[in-house]
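The next block is final37.txt, given as compact mmCIF, N, CA and C atoms.
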# COMPACT_ATOMS: atom_id res chain seq x y z
N MET W 230 72.16 -147.19 191.81
CA MET W 230 71.15 -146.42 191.13
C MET W 230 71.73 -145.78 189.87
N LEU W 231 72.97 -145.29 189.93
CA LEU W 231 73.61 -144.68 188.77
C LEU W 231 73.85 -145.71 187.69
N LYS W 232 74.13 -146.97 188.10
CA LYS W 232 74.32 -148.02 187.12
C LYS W 232 73.05 -148.23 186.32
N LEU W 233 71.91 -148.16 187.00
CA LEU W 233 70.62 -148.37 186.34
C LEU W 233 70.35 -147.25 185.32
N LEU W 234 70.68 -146.01 185.66
CA LEU W 234 70.45 -144.89 184.76
C LEU W 234 71.37 -144.94 183.55
N LYS W 235 72.54 -145.56 183.69
CA LYS W 235 73.49 -145.64 182.58
C LYS W 235 73.28 -146.88 181.74
N ASN W 236 72.40 -147.76 182.16
CA ASN W 236 72.14 -148.99 181.44
C ASN W 236 71.46 -148.66 180.10
N PRO W 237 71.98 -149.16 178.96
CA PRO W 237 71.39 -148.84 177.66
C PRO W 237 69.96 -149.37 177.50
N ILE W 238 69.66 -150.48 178.09
CA ILE W 238 68.30 -151.03 177.98
C ILE W 238 67.32 -150.11 178.70
N PHE W 239 67.70 -149.61 179.86
CA PHE W 239 66.84 -148.69 180.61
C PHE W 239 66.65 -147.40 179.83
N LEU W 240 67.75 -146.86 179.27
CA LEU W 240 67.64 -145.62 178.50
C LEU W 240 66.76 -145.81 177.26
N PHE W 241 66.92 -146.94 176.58
CA PHE W 241 66.10 -147.22 175.40
C PHE W 241 64.63 -147.35 175.78
N SER W 242 64.34 -148.08 176.85
CA SER W 242 62.95 -148.24 177.27
C SER W 242 62.35 -146.91 177.73
N ALA W 243 63.14 -146.06 178.38
CA ALA W 243 62.65 -144.74 178.79
C ALA W 243 62.35 -143.89 177.56
N LEU W 244 63.22 -143.98 176.55
CA LEU W 244 63.02 -143.24 175.31
C LEU W 244 61.75 -143.71 174.59
N VAL W 245 61.54 -145.02 174.51
CA VAL W 245 60.34 -145.56 173.88
C VAL W 245 59.09 -145.14 174.64
N PHE W 246 59.14 -145.22 175.96
CA PHE W 246 58.00 -144.81 176.79
C PHE W 246 57.68 -143.34 176.58
N THR W 247 58.72 -142.49 176.52
CA THR W 247 58.52 -141.06 176.31
C THR W 247 57.92 -140.79 174.92
N ALA W 248 58.38 -141.51 173.92
CA ALA W 248 57.86 -141.32 172.56
C ALA W 248 56.39 -141.73 172.49
N ILE W 249 56.05 -142.85 173.10
CA ILE W 249 54.66 -143.31 173.11
C ILE W 249 53.78 -142.32 173.86
N PHE W 250 54.27 -141.81 174.96
CA PHE W 250 53.52 -140.83 175.75
C PHE W 250 53.28 -139.56 174.93
N TYR W 251 54.31 -139.08 174.22
CA TYR W 251 54.19 -137.88 173.40
C TYR W 251 53.18 -138.08 172.27
N ILE W 252 53.24 -139.22 171.59
CA ILE W 252 52.31 -139.52 170.51
C ILE W 252 50.87 -139.59 171.04
N SER W 253 50.71 -140.20 172.20
CA SER W 253 49.38 -140.29 172.79
C SER W 253 48.83 -138.91 173.12
N LEU W 254 49.67 -138.05 173.67
CA LEU W 254 49.22 -136.69 173.99
C LEU W 254 48.86 -135.90 172.73
N SER W 255 49.63 -136.06 171.66
CA SER W 255 49.32 -135.32 170.43
C SER W 255 48.01 -135.80 169.81
N LYS W 256 47.76 -137.11 169.84
CA LYS W 256 46.49 -137.63 169.31
C LYS W 256 45.31 -137.16 170.15
N THR W 257 45.49 -137.11 171.45
CA THR W 257 44.43 -136.61 172.33
C THR W 257 44.14 -135.14 172.03
N GLN W 258 45.19 -134.37 171.77
CA GLN W 258 45.00 -132.96 171.44
C GLN W 258 44.24 -132.82 170.13
N GLN W 259 44.56 -133.62 169.13
CA GLN W 259 43.84 -133.57 167.85
C GLN W 259 42.38 -133.92 168.04
N LYS W 260 42.09 -134.93 168.85
CA LYS W 260 40.69 -135.30 169.10
C LYS W 260 39.95 -134.16 169.79
N ASN W 261 40.63 -133.49 170.73
CA ASN W 261 40.00 -132.36 171.42
C ASN W 261 39.69 -131.23 170.45
N GLU W 262 40.60 -130.97 169.52
CA GLU W 262 40.37 -129.89 168.54
C GLU W 262 39.20 -130.22 167.62
N THR W 263 39.14 -131.46 167.14
CA THR W 263 38.02 -131.82 166.26
C THR W 263 36.70 -131.81 167.02
N THR W 264 36.72 -132.23 168.27
CA THR W 264 35.50 -132.20 169.07
C THR W 264 35.06 -130.76 169.31
N ALA W 265 36.03 -129.86 169.54
CA ALA W 265 35.68 -128.45 169.73
C ALA W 265 35.05 -127.87 168.47
N LEU W 266 35.57 -128.24 167.30
CA LEU W 266 34.98 -127.77 166.04
C LEU W 266 33.57 -128.31 165.85
N GLN W 267 33.37 -129.57 166.19
CA GLN W 267 32.04 -130.16 166.08
C GLN W 267 31.06 -129.47 167.02
N ILE W 268 31.50 -129.19 168.23
CA ILE W 268 30.64 -128.51 169.20
C ILE W 268 30.28 -127.13 168.70
N LYS W 269 31.26 -126.44 168.09
CA LYS W 269 31.00 -125.09 167.58
C LYS W 269 29.98 -125.14 166.45
N SER W 270 30.13 -126.10 165.53
CA SER W 270 29.18 -126.18 164.40
C SER W 270 27.79 -126.56 164.89
N ILE W 271 27.71 -127.45 165.87
CA ILE W 271 26.41 -127.84 166.41
C ILE W 271 25.76 -126.67 167.14
N ALA W 272 26.56 -125.87 167.83
CA ALA W 272 26.01 -124.69 168.52
C ALA W 272 25.48 -123.68 167.51
N GLU W 273 26.20 -123.49 166.40
CA GLU W 273 25.71 -122.58 165.36
C GLU W 273 24.42 -123.09 164.74
N GLU W 274 24.36 -124.39 164.47
CA GLU W 274 23.15 -124.98 163.92
C GLU W 274 21.99 -124.85 164.89
N ASN W 275 22.27 -125.04 166.17
CA ASN W 275 21.25 -124.90 167.21
C ASN W 275 20.72 -123.47 167.24
N GLN W 276 21.63 -122.50 167.13
CA GLN W 276 21.22 -121.10 167.14
C GLN W 276 20.32 -120.79 165.94
N GLU W 277 20.68 -121.32 164.77
CA GLU W 277 19.85 -121.11 163.58
C GLU W 277 18.46 -121.72 163.77
N LEU W 278 18.41 -122.91 164.35
CA LEU W 278 17.12 -123.56 164.57
C LEU W 278 16.28 -122.80 165.59
N VAL W 279 16.93 -122.25 166.60
CA VAL W 279 16.19 -121.45 167.59
C VAL W 279 15.60 -120.21 166.92
N GLU W 280 16.38 -119.58 166.04
CA GLU W 280 15.87 -118.40 165.33
C GLU W 280 14.70 -118.76 164.42
N LYS W 281 14.82 -119.88 163.70
CA LYS W 281 13.71 -120.33 162.85
C LYS W 281 12.48 -120.64 163.68
N ASN W 282 12.70 -121.23 164.85
CA ASN W 282 11.58 -121.58 165.73
C ASN W 282 10.86 -120.32 166.20
N THR W 283 11.62 -119.29 166.56
CA THR W 283 10.96 -118.05 167.02
C THR W 283 10.18 -117.41 165.88
N VAL W 284 10.73 -117.46 164.67
CA VAL W 284 10.02 -116.89 163.51
C VAL W 284 8.71 -117.65 163.28
N LEU W 285 8.79 -118.97 163.34
CA LEU W 285 7.57 -119.77 163.13
C LEU W 285 6.55 -119.56 164.24
N GLU W 286 7.03 -119.42 165.47
CA GLU W 286 6.09 -119.17 166.57
C GLU W 286 5.41 -117.82 166.41
N GLU W 287 6.15 -116.81 165.95
CA GLU W 287 5.55 -115.50 165.70
C GLU W 287 4.52 -115.58 164.58
N LYS W 288 4.87 -116.35 163.55
CA LYS W 288 3.94 -116.52 162.44
C LYS W 288 2.66 -117.21 162.90
N LEU W 289 2.83 -118.23 163.73
CA LEU W 289 1.69 -118.99 164.21
C LEU W 289 0.80 -118.13 165.11
N SER W 290 1.42 -117.32 165.96
CA SER W 290 0.63 -116.51 166.88
C SER W 290 -0.08 -115.37 166.15
N SER W 291 0.52 -114.89 165.04
CA SER W 291 -0.11 -113.79 164.31
C SER W 291 -1.27 -114.26 163.44
N ASN W 292 -1.23 -115.50 162.99
CA ASN W 292 -2.31 -116.02 162.14
C ASN W 292 -3.38 -116.70 162.98
N ASN W 293 -4.55 -116.75 162.43
CA ASN W 293 -5.64 -117.45 163.06
C ASN W 293 -5.45 -118.93 162.81
N PRO W 294 -5.32 -119.76 163.87
CA PRO W 294 -5.08 -121.20 163.65
C PRO W 294 -6.19 -121.87 162.85
N GLU W 295 -7.43 -121.45 163.07
CA GLU W 295 -8.54 -122.05 162.33
C GLU W 295 -8.40 -121.77 160.84
N GLN W 296 -8.01 -120.55 160.50
CA GLN W 296 -7.85 -120.19 159.09
C GLN W 296 -6.69 -120.97 158.47
N MET W 297 -5.61 -121.16 159.22
CA MET W 297 -4.48 -121.93 158.71
C MET W 297 -4.89 -123.37 158.43
N ILE W 298 -5.64 -123.97 159.33
CA ILE W 298 -6.08 -125.35 159.14
C ILE W 298 -6.98 -125.45 157.92
N ARG W 299 -7.86 -124.50 157.75
CA ARG W 299 -8.77 -124.54 156.61
C ARG W 299 -8.02 -124.35 155.30
N ASP W 300 -7.01 -123.48 155.30
CA ASP W 300 -6.25 -123.23 154.08
C ASP W 300 -5.35 -124.41 153.73
N GLU W 301 -4.65 -124.94 154.71
CA GLU W 301 -3.67 -125.99 154.45
C GLU W 301 -4.32 -127.34 154.12
N PHE W 302 -5.35 -127.70 154.86
CA PHE W 302 -5.93 -129.03 154.72
C PHE W 302 -7.26 -129.03 153.97
N LEU W 303 -7.64 -127.87 153.43
CA LEU W 303 -8.88 -127.73 152.67
C LEU W 303 -10.09 -128.22 153.45
N MET W 304 -10.09 -127.98 154.74
CA MET W 304 -11.24 -128.35 155.56
C MET W 304 -12.31 -127.28 155.42
N LYS W 305 -13.52 -127.64 155.68
CA LYS W 305 -14.61 -126.69 155.50
C LYS W 305 -15.59 -126.79 156.67
N LYS W 306 -16.32 -125.73 156.83
CA LYS W 306 -17.39 -125.72 157.81
C LYS W 306 -18.65 -126.27 157.15
N GLU W 307 -19.62 -126.53 157.97
CA GLU W 307 -20.87 -127.07 157.46
C GLU W 307 -21.54 -126.03 156.56
N GLY W 308 -21.91 -126.47 155.36
CA GLY W 308 -22.59 -125.58 154.43
C GLY W 308 -21.64 -124.80 153.52
N GLU W 309 -20.34 -124.98 153.66
CA GLU W 309 -19.38 -124.28 152.82
C GLU W 309 -18.90 -125.20 151.70
N TYR W 310 -18.43 -124.58 150.65
CA TYR W 310 -17.83 -125.33 149.54
C TYR W 310 -16.38 -124.90 149.42
N VAL W 311 -15.52 -125.86 149.19
CA VAL W 311 -14.09 -125.58 149.00
C VAL W 311 -13.79 -125.76 147.53
N VAL W 312 -13.21 -124.74 146.93
CA VAL W 312 -12.86 -124.78 145.52
C VAL W 312 -11.35 -124.70 145.42
N LYS W 313 -10.77 -125.68 144.75
CA LYS W 313 -9.33 -125.68 144.55
C LYS W 313 -9.06 -125.32 143.10
N ILE W 314 -8.33 -124.22 142.89
CA ILE W 314 -8.04 -123.74 141.55
C ILE W 314 -6.72 -124.36 141.10
N PRO W 315 -6.74 -125.02 139.96
CA PRO W 315 -5.49 -125.66 139.50
C PRO W 315 -4.48 -124.62 139.05
N ALA W 316 -3.22 -125.02 139.11
CA ALA W 316 -2.14 -124.14 138.68
C ALA W 316 -2.21 -123.98 137.16
N PRO W 317 -1.78 -122.84 136.65
CA PRO W 317 -1.82 -122.65 135.19
C PRO W 317 -0.88 -123.64 134.51
N PRO W 318 -1.25 -124.07 133.31
CA PRO W 318 -0.41 -125.07 132.62
C PRO W 318 0.95 -124.47 132.24
N VAL W 319 1.94 -125.31 132.24
CA VAL W 319 3.29 -124.89 131.89
C VAL W 319 3.46 -125.02 130.38
N GLU W 320 3.99 -123.97 129.78
CA GLU W 320 4.18 -123.98 128.34
C GLU W 320 5.37 -124.85 127.99
N ILE W 321 5.21 -125.64 126.95
CA ILE W 321 6.30 -126.49 126.48
C ILE W 321 6.82 -125.88 125.20
N ARG W 322 8.09 -125.52 125.24
CA ARG W 322 8.70 -124.92 124.07
C ARG W 322 9.16 -126.00 123.12
N GLU W 323 8.77 -125.84 121.89
CA GLU W 323 9.21 -126.80 120.89
C GLU W 323 10.42 -126.23 120.18
N GLU W 324 11.44 -127.05 120.05
CA GLU W 324 12.65 -126.62 119.37
C GLU W 324 12.48 -126.82 117.87
N LYS W 325 13.10 -125.95 117.12
CA LYS W 325 13.04 -126.07 115.67
C LYS W 325 13.83 -127.30 115.26
N GLU W 326 13.28 -128.00 114.32
CA GLU W 326 13.97 -129.17 113.82
C GLU W 326 15.05 -128.73 112.85
N GLN W 327 16.25 -129.20 113.07
CA GLN W 327 17.37 -128.88 112.20
C GLN W 327 17.38 -129.87 111.04
N PRO W 328 17.62 -129.38 109.85
CA PRO W 328 17.77 -130.33 108.75
C PRO W 328 19.01 -131.19 108.99
N ASN W 329 19.05 -132.32 108.35
CA ASN W 329 20.17 -133.23 108.55
C ASN W 329 21.47 -132.53 108.18
N GLN W 330 22.29 -132.31 109.20
CA GLN W 330 23.58 -131.66 109.00
C GLN W 330 24.65 -132.57 109.57
N SER W 331 25.84 -132.37 109.09
CA SER W 331 26.95 -133.15 109.64
C SER W 331 27.28 -132.59 111.03
N ASN W 332 28.02 -133.37 111.78
CA ASN W 332 28.38 -132.94 113.13
C ASN W 332 29.18 -131.65 113.10
N LEU W 333 30.06 -131.51 112.14
CA LEU W 333 30.86 -130.30 112.04
C LEU W 333 29.97 -129.09 111.80
N GLN W 334 28.99 -129.21 110.92
CA GLN W 334 28.08 -128.10 110.64
C GLN W 334 27.22 -127.76 111.87
N GLN W 335 26.80 -128.78 112.62
CA GLN W 335 26.03 -128.53 113.83
C GLN W 335 26.86 -127.79 114.86
N TRP W 336 28.12 -128.18 115.03
CA TRP W 336 28.99 -127.48 115.98
C TRP W 336 29.23 -126.04 115.55
N LEU W 337 29.45 -125.85 114.28
CA LEU W 337 29.67 -124.49 113.78
C LEU W 337 28.44 -123.63 114.00
N SER W 338 27.25 -124.19 113.80
CA SER W 338 26.03 -123.42 114.03
C SER W 338 25.83 -123.10 115.49
N LEU W 339 26.27 -123.99 116.37
CA LEU W 339 26.15 -123.72 117.81
C LEU W 339 27.15 -122.65 118.24
N ILE W 340 28.36 -122.73 117.72
CA ILE W 340 29.41 -121.79 118.15
C ILE W 340 29.19 -120.41 117.55
N PHE W 341 28.84 -120.34 116.27
CA PHE W 341 28.71 -119.05 115.60
C PHE W 341 27.27 -118.78 115.43

Represent the structure from my file as structure tokens, please.
Amino acid sequence: MLKLLKNPIFLFSALVFTAIFYISLSKTQQKNETTALQIKSIAEENQELVEKNTVLEEKLSSNNPEQMIRDEFLMKKEGEYVVKIPAPPVEIREEKEQPNQSNLQQWLSLIF
């Protein structure tokens, strides 16, 4: 048995096996850490969604569902008229036309 333990081939194979085992354990630990981070981020996202859900449920319960449907989808009751008011027009600003200037003069006018 002592001869086997002193054999260089056995010692080398034991060393290789130990190195492979150590590398495998370190990679498994890294995977566990990344998985834990993913679980944490998903749990935080889940908590945010639960909070948004409660806010929306409160909003829904406080409003009249019929009124919400009529406002959102422009539905009407018999004999009613729905009037949609357009948004005010957006003003378009016209830039002053610069006389033909060289690039250097244009840069100087922008900087100063």

* Interatomic distance, atom C of W:Asn282 to atom C of W:Leu266 (Å, one decimal) ->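 Computing it gives 24.1 Å between the two atoms.
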
* Give the alpha helix (DSSP H) residues of stretch 231-338 of chain W, as assigned by DSSP on the backbone, as a PyMOL selection string. => chain W and resi 231-235+237-291+294-302+332-338

* To do: Work out how far atom CA of W:Lys313 is from atom CA of W:Asp300, in Å to one decimal.
  => 10.3 Å
